[in-house]
>>> print(open('upload26.txt').read())   # compact mmCIF, C-alpha atoms
# COMPACT_ATOMS: atom_id res chain seq x y z
CA MET A 130 156.95 150.64 12.85
CA SER A 131 154.74 148.46 15.00
CA GLY A 132 151.11 148.23 14.14
CA SER A 133 148.08 147.58 16.24
CA PHE A 134 146.83 144.05 16.74
CA TYR A 135 143.52 142.54 17.72
CA PHE A 136 143.74 138.99 19.02
CA PRO A 137 140.57 136.96 19.66
CA ILE A 138 140.37 133.25 20.41
CA VAL A 139 137.30 131.64 18.91
CA GLY A 140 136.06 128.29 20.16
CA HIS A 141 134.71 125.20 18.55
CA HIS A 142 131.21 126.52 17.91
CA ASP A 143 132.47 129.90 16.68
CA ASN A 144 131.89 131.31 20.15
CA PRO A 145 134.29 133.95 21.44
CA GLY A 146 136.55 132.65 24.19
CA PHE A 147 138.98 135.46 24.73
CA GLU A 148 139.98 138.75 23.15
CA ILE A 149 142.73 141.24 23.67
CA GLU A 150 144.14 144.23 21.86
CA PHE A 151 147.77 145.14 21.53
CA LEU A 152 148.24 148.75 20.65
CA PRO A 153 151.53 150.59 20.41
CA ALA A 154 152.12 153.52 22.74
CA GLU A 155 150.99 156.20 20.26
CA LYS A 156 147.59 154.73 19.65
CA VAL A 157 146.62 153.98 23.22
CA GLU A 158 143.94 156.73 23.23
CA SER A 159 141.78 153.84 22.42
CA LYS A 160 139.74 152.89 19.50
CA HIS A 161 136.54 152.03 21.31
CA ASP A 162 134.47 152.71 18.22
CA HIS A 163 136.66 150.41 16.14
CA HIS A 164 136.36 147.53 18.56
CA HIS A 165 133.14 146.11 17.12
CA PHE A 166 134.56 146.71 13.66
CA ASN A 167 137.48 144.42 14.47
CA GLN A 168 135.08 141.84 15.81
CA SER A 169 133.04 141.85 12.61
CA ILE A 170 136.16 141.50 10.43
CA ALA A 171 137.33 138.54 12.50
CA HIS A 172 133.88 136.98 12.31
CA ALA A 173 133.73 137.40 8.56
CA ALA A 174 137.07 135.65 8.20
CA LEU A 175 135.85 132.53 9.98
CA GLY A 176 134.24 131.16 6.84
CA LEU A 177 137.48 131.49 4.90
CA VAL A 178 139.32 129.80 7.75
CA ASP A 179 137.11 126.76 7.54
CA ALA A 180 137.62 126.60 3.80
CA ASN A 181 141.40 127.00 4.02
CA ARG A 182 142.06 124.61 6.88
CA TRP A 183 141.60 121.57 4.65
CA LEU A 184 144.12 122.90 2.14
CA CYS A 185 146.91 123.38 4.61
CA ASN A 186 148.85 120.59 6.30
CA ASN A 187 149.80 122.39 9.46
CA MET A 188 147.76 124.40 11.89
CA HIS A 189 149.25 127.80 11.13
CA LEU A 190 147.26 129.15 8.18
CA LYS A 191 149.25 132.39 7.86
CA THR A 192 147.30 135.20 6.25
CA VAL A 193 143.83 134.12 5.35
CA ASP A 194 142.03 137.34 4.53
CA LYS A 195 142.56 141.02 3.90
CA PHE A 196 140.07 143.79 4.56
CA ASN A 197 141.04 147.37 3.66
CA GLU A 198 144.29 147.69 5.56
CA TRP A 199 143.74 144.78 7.98
CA PHE A 200 145.31 141.38 7.48
CA VAL A 201 143.83 138.34 9.19
CA SER A 202 146.22 135.57 10.28
CA VAL A 203 144.94 132.44 11.86
CA LEU A 204 146.14 129.40 13.76
CA ALA A 205 143.41 126.75 13.52
CA THR A 206 143.84 123.78 15.85
CA ALA A 207 142.58 120.30 15.19
CA ASP A 208 139.57 120.73 17.48
CA HIS A 209 138.43 123.87 15.66
CA VAL A 210 139.74 126.39 18.14
CA LYS A 211 140.93 129.40 16.17
CA PHE A 212 143.53 131.92 17.28
CA ILE A 213 143.02 134.97 15.07
CA THR A 214 145.17 138.06 14.74
CA LEU A 215 144.05 141.19 12.96
CA HIS A 216 147.07 143.27 12.10
CA ASP A 217 147.78 146.19 9.85
CA VAL A 218 151.50 145.54 9.59
CA ARG A 219 152.90 142.36 8.12
CA GLN A 220 154.75 140.66 10.97
CA ASP A 221 154.68 136.95 10.22
CA HIS A 222 157.52 135.88 12.46
CA GLY A 223 156.23 137.66 15.54
CA ILE A 224 152.68 136.45 14.98
CA LYS A 225 153.81 132.86 14.49
CA ASN A 226 155.75 132.97 17.77
CA LEU A 227 152.82 134.55 19.55
CA PHE A 228 150.49 131.86 18.23
CA SER A 229 152.73 129.00 19.36
CA ASP A 230 153.21 130.50 22.84
CA VAL A 231 149.52 131.23 23.34
CA TYR A 232 148.66 127.78 22.04
CA GLU A 233 150.91 126.25 24.71
CA LEU A 234 149.19 128.36 27.36
CA TYR A 235 145.82 127.30 26.03
CA ILE A 236 146.77 123.62 26.21
CA LYS A 237 147.75 124.02 29.86
CA LEU A 238 144.47 125.78 30.54
CA ALA A 239 142.51 123.08 28.71
CA MET A 240 144.08 120.41 30.93
CA ASN A 241 142.59 122.13 33.97
CA LEU A 242 139.52 120.09 34.76
CA PHE A 243 137.70 123.05 36.21
CA TYR A 244 137.75 124.79 32.84
CA LYS A 245 134.72 123.94 30.76
CA PRO A 246 135.94 123.33 27.20
CA TYR A 247 135.38 126.17 24.74
CA SER A 248 133.92 128.41 27.43
CA PRO A 249 135.01 132.05 27.84
CA ILE A 250 138.41 132.28 29.49
CA GLY A 251 138.09 134.41 32.60
CA SER A 252 141.38 133.55 34.24
CA SER A 253 143.35 136.67 35.10
CA THR A 254 146.68 134.82 35.00
CA PHE A 255 145.96 133.83 31.40
CA ASP A 256 145.19 137.43 30.57
CA ILE A 257 148.41 138.70 32.13
CA LYS A 258 150.51 136.07 30.39
CA VAL A 259 148.97 136.79 26.97
CA GLN A 260 149.58 140.52 27.46
CA PHE A 261 153.19 139.83 28.27
CA LEU A 262 153.59 137.55 25.25
CA GLY A 263 151.96 140.09 23.00
CA LYS A 264 154.29 142.83 24.13
CA LYS A 265 157.24 140.50 23.71
CA HIS A 266 156.48 139.25 20.21
CA LEU A 267 154.47 141.98 18.58
CA LEU A 268 155.32 145.33 20.01
CA SER A 269 159.05 144.97 20.49
CA MET B 30 189.64 94.47 32.06
CA ASN B 31 187.34 94.60 29.07
CA LEU B 32 185.18 91.68 28.00
CA GLN B 33 187.38 90.64 25.05
CA ALA B 34 190.51 90.48 27.18
CA SER B 35 188.82 88.37 29.85
CA TRP B 36 187.63 85.87 27.26
CA LEU B 37 191.15 85.65 25.84
CA LEU B 38 192.47 84.93 29.31
CA ARG B 39 189.86 82.22 29.82
CA ASP B 40 191.01 80.40 26.70
CA SER B 41 194.59 80.36 27.88
CA GLN B 42 193.76 78.98 31.33
CA PRO B 43 193.89 75.23 31.95
CA MET B 44 190.53 73.47 32.30
CA TRP B 45 190.76 72.74 36.02
CA GLU B 46 191.39 76.40 36.87
CA LYS B 47 188.24 77.42 35.06
CA ASP B 48 186.25 74.84 37.03
CA MET B 49 187.75 76.13 40.25
CA MET B 50 186.79 79.69 39.37
CA ALA B 51 183.18 78.59 38.97
CA ILE B 52 183.13 77.21 42.49
CA LYS B 53 182.99 80.06 44.98
CA PRO B 54 183.69 79.75 48.68
CA TRP B 55 180.58 79.63 50.92
CA TRP B 56 181.16 83.03 52.52
CA VAL B 57 181.25 84.72 49.13
CA VAL B 58 178.07 82.98 48.06
CA LYS B 59 176.26 83.90 51.26
CA GLY B 60 177.33 87.52 50.90
CA GLN B 61 176.06 87.70 47.32
CA ASP B 62 172.77 86.22 48.38
CA LYS B 63 172.46 88.74 51.18
CA LYS B 64 173.24 91.62 48.81
CA ALA B 65 170.55 90.40 46.40
CA ARG B 66 168.07 90.07 49.24
CA ASN B 67 168.76 93.54 50.54
CA TYR B 68 168.54 94.97 47.07
CA ARG B 69 165.17 93.34 46.53
CA ARG B 70 164.01 94.57 49.89
CA TRP B 71 165.10 98.17 49.67
CA LYS B 72 164.53 98.78 46.04
CA ILE B 73 161.50 100.99 45.97
CA PRO B 74 160.20 100.85 42.43
CA PRO B 75 158.74 104.07 41.11
CA TYR B 76 155.06 103.60 41.74
CA LEU B 77 154.03 106.57 39.70
CA PRO B 78 154.26 105.66 36.01
CA ASN B 79 156.50 107.71 33.77
CA ASN B 80 153.57 109.48 32.28
CA ARG B 81 151.63 110.54 35.31
CA ASP B 82 149.39 112.96 33.44
CA LEU B 83 146.65 110.36 33.41
CA PHE B 84 146.82 110.01 37.19
CA VAL B 85 146.76 113.77 37.73
CA LEU B 86 143.91 114.24 35.25
CA THR B 87 141.90 111.42 36.90
CA TYR B 88 142.25 113.10 40.27
CA GLY B 89 141.22 116.42 38.76
CA ALA B 90 138.19 114.82 37.11
CA LEU B 91 137.23 113.33 40.47
CA VAL B 92 137.38 116.69 42.22
CA ALA B 93 135.55 118.42 39.36
CA GLN B 94 132.74 115.86 39.52
CA LEU B 95 132.48 116.25 43.30
CA CYS B 96 132.22 119.99 42.81
CA LYS B 97 129.32 119.44 40.44
CA ASP B 98 127.62 117.05 42.86
CA TYR B 99 127.98 119.10 46.04
CA GLU B 100 127.35 122.81 46.26
CA LYS B 101 129.17 123.47 49.50
CA ASP B 102 132.95 123.35 49.72
CA GLU B 103 132.85 121.68 53.15
CA ASP B 104 130.87 118.78 51.72
CA VAL B 105 133.39 118.28 48.94
CA ASN B 106 136.27 118.47 51.43
CA ASN B 107 134.60 115.94 53.74
CA TYR B 108 133.91 113.56 50.93
CA LEU B 109 137.48 113.78 49.66
CA ASP B 110 138.66 113.09 53.20
CA LYS B 111 136.42 110.02 53.46
CA MET B 112 137.67 108.69 50.15
CA GLY B 113 141.23 109.28 51.25
CA TYR B 114 140.52 107.45 54.49
CA GLY B 115 139.30 104.43 52.52
CA ILE B 116 142.49 104.51 50.46
CA GLY B 117 144.73 105.01 53.48
CA ILE B 118 143.49 102.02 55.48
CA ARG B 119 144.38 99.80 52.53
CA LEU B 120 147.50 101.57 51.37
CA VAL B 121 149.28 101.21 54.70
CA GLU B 122 149.61 97.44 54.15
CA ASP B 123 151.27 97.95 50.80
CA PHE B 124 153.51 100.63 52.23
CA LEU B 125 154.69 98.53 55.17
CA ALA B 126 155.30 95.51 52.96
CA ARG B 127 157.32 97.37 50.38
CA SER B 128 159.33 99.62 52.60
CA CYS B 129 160.24 97.18 55.44
CA VAL B 130 160.75 100.00 57.87
CA LYS B 131 161.85 99.49 61.43
CA LYS B 132 159.67 100.21 64.41
CA CYS B 133 159.33 103.90 65.20
CA HIS B 134 159.81 105.16 68.72
CA SER B 135 158.59 108.71 68.43
CA TYR B 136 156.13 110.88 66.59
CA SER B 137 158.90 112.75 64.83
CA GLU B 138 160.22 109.49 63.40
CA ILE B 139 156.76 108.72 62.08
CA ALA B 140 156.44 112.15 60.51
CA ASP B 141 159.87 111.76 58.90
CA LEU B 142 158.86 108.36 57.59
CA ILE B 143 155.67 109.69 56.04
CA ALA B 144 157.55 112.51 54.37
CA GLN B 145 160.69 110.77 53.20
CA VAL B 146 159.51 107.27 52.41
CA ALA B 147 155.75 107.27 51.84
CA PHE B 148 155.44 110.47 49.84
CA LYS B 149 158.52 109.55 47.85
CA MET B 150 157.13 106.12 47.07
CA TYR B 151 153.67 107.16 45.97
CA LEU B 152 153.97 110.70 44.71
CA GLY B 153 157.65 111.05 43.94
CA ILE B 154 158.12 114.11 46.13
CA THR B 155 159.82 114.59 49.48
CA PRO B 156 158.16 117.21 51.65
CA SER B 157 160.15 118.72 54.47
CA VAL B 158 159.05 118.14 58.04
CA THR B 159 158.82 120.91 60.59
CA ARG B 160 157.80 120.52 64.16
CA ASN B 161 155.64 122.85 66.14
CA GLU B 162 157.78 124.09 69.04
CA SER B 163 154.94 124.45 71.50
CA SER B 164 153.58 120.94 71.21
CA ARG B 165 155.26 117.55 70.92
CA ASN B 166 152.42 116.13 68.88
CA GLU B 167 152.12 118.61 66.05
CA PHE B 168 154.10 118.34 62.86
CA SER B 169 153.76 119.85 59.44
CA LEU B 170 154.81 118.63 56.05
CA ILE B 171 155.74 121.39 53.66
CA LEU B 172 155.36 120.52 49.99
CA ASP B 173 157.02 122.89 47.56
CA LYS B 174 155.99 120.81 44.58
CA ASN B 175 152.64 119.07 44.47
CA PRO B 176 152.12 116.86 41.41
CA LEU B 177 148.36 116.67 41.91
CA VAL B 178 147.87 120.37 41.16
CA GLU B 179 150.04 120.43 38.06
CA PHE B 180 147.26 121.59 35.73
CA VAL B 181 145.25 123.63 38.19
CA GLU B 182 146.48 127.19 38.47
CA GLU B 183 143.74 128.59 40.60
CA LEU B 184 140.56 127.41 42.22
CA PRO B 185 137.37 128.07 40.25
CA ALA B 186 135.25 131.05 41.14
CA GLY B 187 132.99 130.41 44.11
CA ARG B 188 135.15 127.59 45.43
CA SER B 189 137.57 129.55 47.51
CA SER B 190 137.57 127.23 50.51
CA LEU B 191 137.99 124.00 48.56
CA CYS B 192 140.91 121.87 49.72
CA TYR B 193 141.89 120.40 46.39
CA CYS B 194 144.25 117.76 47.80
CA ASN B 195 142.15 116.82 50.81
CA LEU B 196 142.38 113.21 49.67
CA LEU B 197 145.99 113.19 50.87
CA CYS B 198 144.88 114.19 54.36
CA GLY B 199 142.43 111.31 54.42
CA VAL B 200 145.08 108.87 53.22
CA ILE B 201 147.48 109.86 56.01
CA ARG B 202 144.72 109.76 58.62
CA GLY B 203 143.53 106.31 57.49
CA ALA B 204 147.02 104.88 57.35
CA LEU B 205 147.85 106.12 60.85
CA GLU B 206 144.62 104.75 62.23
CA MET B 207 145.43 101.29 60.96
CA ILE B 208 148.56 101.30 63.09
CA HIS B 209 146.55 102.44 66.12
CA LEU B 210 147.46 106.10 66.03
CA THR B 211 144.71 108.66 65.82
CA ALA B 212 145.68 111.90 64.19
CA ASP B 213 144.08 115.02 62.92
CA VAL B 214 145.36 115.88 59.46
CA THR B 215 144.43 119.13 57.75
CA PHE B 216 145.75 121.62 55.25
CA LEU B 217 147.25 124.59 57.04
CA GLN B 218 148.38 126.44 53.93
CA ASP B 219 147.54 125.89 50.29
CA ARG B 220 149.22 127.35 47.24
CA LEU B 221 145.96 127.28 45.33
CA LYS B 222 144.44 129.62 47.90
CA GLY B 223 147.25 132.12 47.57
CA ASP B 224 149.72 131.00 50.24
CA LYS B 225 153.37 130.58 49.42
CA VAL B 226 153.65 126.87 50.13
CA THR B 227 151.37 123.90 50.68
CA GLU B 228 151.46 122.76 54.30
CA ILE B 229 149.82 119.67 55.74
CA GLY B 230 149.50 119.65 59.52
CA ILE B 231 149.49 116.35 61.42
CA THR B 232 148.40 116.42 65.06
CA PHE B 233 148.74 113.13 66.91
CA LEU B 234 145.88 112.76 69.37
CA LYS B 235 146.47 109.60 71.38
CA LYS B 236 149.65 108.58 73.06
CA LEU B 237 151.67 105.82 71.45
CA GLU B 238 151.01 102.62 73.40
CA GLU B 239 154.28 101.16 74.54
CA LYS B 240 154.65 97.46 74.11
CA LYS B 241 155.75 95.82 77.28
CA CYS B 242 158.00 92.83 76.72
CA ARG B 243 157.25 90.08 79.14
CA ARG B 244 159.80 87.42 79.38
CA LYS B 245 158.53 83.99 80.13
CA LYS B 246 160.02 82.79 83.31
>>> encode(input="upload26.txt", output="structure tokens")
Amino acid sequence: MSGSFYFPIVGHHDNPGFEIEFLPAEKVESKHDHHHFNQSIAHAALGLVDANRWLCNNMHLKTVDKFNEWFVSVLATADHVKFITLHDVRQDHGIKNLFSDVYELYIKLAMNLFYKPYSPIGSSTFDIKVQFLGKKHLLS
Amino acid sequence: MNLQASWLLRDSQPMWEKDMMAIKPWWVVKGQDKKARNYRRWKIPPYLPNNRDLFVLTYGALVAQLCKDYEKDEDVNNYLDKMGYGIGIRLVEDFLARSCVKKCHSYSEIADLIAQVAFKMYLGITPSVTRNESSRNEFSLILDKNPLVEFVEELPAGRSSLCYCNLLCGVIRGALEMIHLTADVTFLQDRLKGDKVTEIGITFLKKLEEKKCRRKK
């Protein structure tokens, strides 16, 4: 059973850079009213992320927080860019793969000198690629 | 014969034979010298360092800074062209010294030289040359891989007519001018703007002056 996933990327100053939702086919009649709820859960988890990052050697912090039925998994990079996934189904392997692939994409984007660091990511190619990766790793 | 076996053989040879082997006939020596000379001449060392990310990022930083300084795309393009011109008039000396190419007798030879030798030497790529059927003076270089745009996927918003690699056009124009050929070099197609390939068009404007050999009587 595949769950629904909310995937924001939060920048250095806790500013949102990118967000995307991966919902399985049944739940596509969307959860507009839950969208801000997801945002507030992710925001609340940021404090725990900062506390946990010093305890862990590598960047992937696995599951940092739990709220009702939502788990929060985080990849926190060295320059404080956080890739967060809110998921209601435990899917560590898929999320880890998604994080590493999106991190690679993010690095390529960061090397583009027209991209202002930590600014919102408006590139449509990035959006399409993340959607594809999400479908590949999470919803398969 | 492996190294060990050759050393064994050396020990079993009489002393005078070994001395004779050290002395080589003059035609062999001259040939070896010539080979070494040719090798030194034609060996084109890779100019681009193994890690060329720094070079690509520097170029990107340059273009990004120009975009901040100038609002209009035409101004940025012109400035890149001028900078390329300054590079080209100096680079042609280095190119001619390191490549030791023969004299060219036609525009198509020059275009081939730019594509196969110059681009290979400085950027590590070999664009293909096509010639415009209607005119003898127009050529285009088609680059399927451009190392300068490695990290740039698309042009930033509001900069749709920016020629990101316009520096290259200036370099070619400056280099040609130093050898007394005026040419108009522009980007005809650009992958960053949505075209399939990147195409640089070279239009030679003045006729090649033929050198008249005058024999002293």
>>> atom_distance(input="upload26.txt", atom1="CA of Glu206 in chain B", atom2="CA of Ser163 in chain B")
24.1 Å
>>> residues_around(input="upload26.txt", residues="Asp143 in chain A", least_positions_apart="2", cutoff="12 Å", atoms="all atoms listed in the file", output="count of residues only")
26
>>> closest_atom_pairs(input="upload26.txt", of="chain A", to="chain B", cutoff="10 Å", atoms="all atoms listed in the file", output="Markdown table")
| residue | atom | partner | partner_atom | distance |
| --- | --- | --- | --- | --- |
| A:Ile236 | CA | B:Phe180 | CA | 9.7 |
| A:Lys237 | CA | B:Phe180 | CA | 6.4 |
| A:Leu238 | CA | B:Phe180 | CA | 7.2 |
| A:Ala239 | CA | B:Phe180 | CA | 8.6 |
| A:Met240 | CA | B:Phe180 | CA | 5.9 |
| A:Asn241 | CA | B:Phe180 | CA | 5.0 |
| A:Leu242 | CA | B:Gly89 | CA | 5.7 |
| A:Phe243 | CA | B:Ala93 | CA | 6.0 |
| A:Tyr244 | CA | B:Pro185 | CA | 8.1 |
| A:Gly251 | CA | B:Ala186 | CA | 9.6 |
| A:Ser252 | CA | B:Glu183 | CA | 8.4 |
| A:Ser253 | CA | B:Glu183 | CA | 9.8 |
| A:Thr254 | CA | B:Glu182 | CA | 8.4 |
| A:Phe255 | CA | B:Glu182 | CA | 9.7 |
>>> write_last_selection(input="upload26.txt", atoms="C-alpha atoms", output="PDB file, keeping the file's coordinate frame")
ATOM      1  CA  ILE A 236     146.770 123.620  26.210  1.00  0.00           C
ATOM      2  CA  LYS A 237     147.750 124.020  29.860  1.00  0.00           C
ATOM      3  CA  LEU A 238     144.470 125.780  30.540  1.00  0.00           C
ATOM      4  CA  ALA A 239     142.510 123.080  28.710  1.00  0.00           C
ATOM      5  CA  MET A 240     144.080 120.410  30.930  1.00  0.00           C
ATOM      6  CA  ASN A 241     142.590 122.130  33.970  1.00  0.00           C
ATOM      7  CA  LEU A 242     139.520 120.090  34.760  1.00  0.00           C
ATOM      8  CA  PHE A 243     137.700 123.050  36.210  1.00  0.00           C
ATOM      9  CA  TYR A 244     137.750 124.790  32.840  1.00  0.00           C
ATOM     10  CA  GLY A 251     138.090 134.410  32.600  1.00  0.00           C
ATOM     11  CA  SER A 252     141.380 133.550  34.240  1.00  0.00           C
ATOM     12  CA  SER A 253     143.350 136.670  35.100  1.00  0.00           C
ATOM     13  CA  THR A 254     146.680 134.820  35.000  1.00  0.00           C
ATOM     14  CA  PHE A 255     145.960 133.830  31.400  1.00  0.00           C
TER      15      PHE A 255
END
>>> atom_distance(input="upload26.txt", atom1="CA of Leu227 in chain A", atom2="CA of Gly132 in chain A")
14.8 Å
>>> atom_distance(input="upload26.txt", atom1="CA of Gly223 in chain B", atom2="CA of Asn166 in chain B")
27.1 Å
>>> residues_around(input="upload26.txt", residues="Thr227 in chain B", least_positions_apart="5", cutoff="7 Å", atoms="only C-alpha atoms", output="PyMOL selection string")
chain B and resi 171-173+218-220
>>> closest_residue(input="upload26.txt", among="A:Phe134, A:Ile149, A:Ser202, A:Asp230", to="Gln260 in chain A", atoms="all atoms listed in the file")
A:Ile149
>>> closest_residue(input="upload26.txt", among="A:Asp194, A:Lys245, A:Leu234, A:Leu177", to="Lys258 in chain A", atoms="all atoms listed in the file")
A:Leu234
>>> closest_residue(input="upload26.txt", among="B:Met112, B:Asn106, B:Gly153, B:Ala212", to="Arg81 in chain B", atoms="all atoms listed in the file")
B:Gly153
>>> closest_residue(input="upload26.txt", among="A:Asn197, A:Asn186, A:Ser133, A:Asn181", to="Lys264 in chain A", atoms="only C-alpha atoms")
A:Ser133
>>> build_atoms(input="upload26.txt", residues="range 155-164 of chain B", atoms="all heavy atoms", output="PDB file, in the frame of the given file")
ATOM      1  N   THR B 155     159.389 114.735  48.082  1.00  0.00           N
ATOM      2  CA  THR B 155     159.820 114.590  49.480  1.00  0.00           C
ATOM      3  C   THR B 155     159.534 115.900  50.200  1.00  0.00           C
ATOM      4  O   THR B 155     160.312 116.846  50.114  1.00  0.00           O
ATOM      5  CB  THR B 155     161.329 114.289  49.543  1.00  0.00           C
ATOM      6  OG1 THR B 155     161.616 113.280  48.597  1.00  0.00           O
ATOM      7  CG2 THR B 155     161.716 113.794  50.917  1.00  0.00           C
ATOM      8  N   PRO B 156     158.410 115.976  50.904  1.00  0.00           N
ATOM      9  CA  PRO B 156     158.160 117.210  51.650  1.00  0.00           C
ATOM     10  C   PRO B 156     159.105 117.325  52.845  1.00  0.00           C
ATOM     11  O   PRO B 156     159.664 116.339  53.307  1.00  0.00           O
ATOM     12  CB  PRO B 156     156.712 117.058  52.121  1.00  0.00           C
ATOM     13  CG  PRO B 156     156.409 115.618  52.023  1.00  0.00           C
ATOM     14  CD  PRO B 156     157.314 115.021  51.022  1.00  0.00           C
ATOM     15  N   SER B 157     159.295 118.545  53.298  1.00  0.00           N
ATOM     16  CA  SER B 157     160.150 118.720  54.470  1.00  0.00           C
ATOM     17  C   SER B 157     159.268 118.751  55.718  1.00  0.00           C
ATOM     18  O   SER B 157     158.117 119.177  55.658  1.00  0.00           O
ATOM     19  CB  SER B 157     160.940 120.013  54.343  1.00  0.00           C
ATOM     20  OG  SER B 157     160.074 121.079  54.045  1.00  0.00           O
ATOM     21  N   VAL B 158     159.832 118.270  56.802  1.00  0.00           N
ATOM     22  CA  VAL B 158     159.050 118.140  58.040  1.00  0.00           C
ATOM     23  C   VAL B 158     159.471 119.237  59.004  1.00  0.00           C
ATOM     24  O   VAL B 158     160.653 119.422  59.267  1.00  0.00           O
ATOM     25  CB  VAL B 158     159.306 116.770  58.702  1.00  0.00           C
ATOM     26  CG1 VAL B 158     158.479 116.634  59.963  1.00  0.00           C
ATOM     27  CG2 VAL B 158     158.976 115.654  57.736  1.00  0.00           C
ATOM     28  N   THR B 159     158.498 119.979  59.519  1.00  0.00           N
ATOM     29  CA  THR B 159     158.820 120.910  60.590  1.00  0.00           C
ATOM     30  C   THR B 159     157.968 120.553  61.791  1.00  0.00           C
ATOM     31  O   THR B 159     156.898 119.978  61.669  1.00  0.00           O
ATOM     32  CB  THR B 159     158.516 122.367  60.196  1.00  0.00           C
ATOM     33  OG1 THR B 159     157.147 122.440  59.775  1.00  0.00           O
ATOM     34  CG2 THR B 159     159.403 122.846  59.099  1.00  0.00           C
ATOM     35  N   ARG B 160     158.499 120.911  62.943  1.00  0.00           N
ATOM     36  CA  ARG B 160     157.800 120.520  64.160  1.00  0.00           C
ATOM     37  C   ARG B 160     157.366 121.769  64.888  1.00  0.00           C
ATOM     38  O   ARG B 160     158.105 122.738  64.981  1.00  0.00           O
ATOM     39  CB  ARG B 160     158.769 119.721  65.009  1.00  0.00           C
ATOM     40  CG  ARG B 160     158.114 119.057  66.178  1.00  0.00           C
ATOM     41  CD  ARG B 160     159.109 118.181  66.853  1.00  0.00           C
ATOM     42  NE  ARG B 160     158.898 118.265  68.276  1.00  0.00           N
ATOM     43  CZ  ARG B 160     159.491 117.471  69.142  1.00  0.00           C
ATOM     44  NH1 ARG B 160     160.351 116.578  68.712  1.00  0.00           N
ATOM     45  NH2 ARG B 160     159.244 117.585  70.417  1.00  0.00           N
ATOM     46  N   ASN B 161     156.153 121.724  65.388  1.00  0.00           N
ATOM     47  CA  ASN B 161     155.640 122.850  66.140  1.00  0.00           C
ATOM     48  C   ASN B 161     156.328 122.883  67.504  1.00  0.00           C
ATOM     49  O   ASN B 161     156.293 121.920  68.245  1.00  0.00           O
ATOM     50  CB  ASN B 161     154.122 122.669  66.314  1.00  0.00           C
ATOM     51  CG  ASN B 161     153.463 123.920  66.800  1.00  0.00           C
ATOM     52  OD1 ASN B 161     154.126 124.859  67.236  1.00  0.00           O
ATOM     53  ND2 ASN B 161     152.153 123.945  66.714  1.00  0.00           N
ATOM     54  N   GLU B 162     156.969 124.010  67.818  1.00  0.00           N
ATOM     55  CA  GLU B 162     157.780 124.090  69.040  1.00  0.00           C
ATOM     56  C   GLU B 162     156.955 123.924  70.300  1.00  0.00           C
ATOM     57  O   GLU B 162     157.410 123.353  71.281  1.00  0.00           O
ATOM     58  CB  GLU B 162     158.516 125.441  69.094  1.00  0.00           C
ATOM     59  CG  GLU B 162     159.571 125.603  68.011  1.00  0.00           C
ATOM     60  CD  GLU B 162     160.637 124.538  68.063  1.00  0.00           C
ATOM     61  OE1 GLU B 162     161.125 124.206  69.166  1.00  0.00           O
ATOM     62  OE2 GLU B 162     160.983 123.995  67.004  1.00  0.00           O
ATOM     63  N   SER B 163     155.722 124.426  70.264  1.00  0.00           N
ATOM     64  CA  SER B 163     154.940 124.450  71.500  1.00  0.00           C
ATOM     65  C   SER B 163     154.423 123.065  71.886  1.00  0.00           C
ATOM     66  O   SER B 163     154.245 122.773  73.055  1.00  0.00           O
ATOM     67  CB  SER B 163     153.764 125.403  71.341  1.00  0.00           C
ATOM     68  OG  SER B 163     153.008 124.999  70.220  1.00  0.00           O
ATOM     69  N   SER B 164     154.206 122.216  70.880  1.00  0.00           N
ATOM     70  CA  SER B 164     153.580 120.940  71.210  1.00  0.00           C
ATOM     71  C   SER B 164     154.395 119.789  70.648  1.00  0.00           C
ATOM     72  O   SER B 164     154.932 119.879  69.547  1.00  0.00           O
ATOM     73  CB  SER B 164     152.169 120.934  70.625  1.00  0.00           C
ATOM     74  OG  SER B 164     151.675 119.646  70.546  1.00  0.00           O
TER      75      SER B 164
END
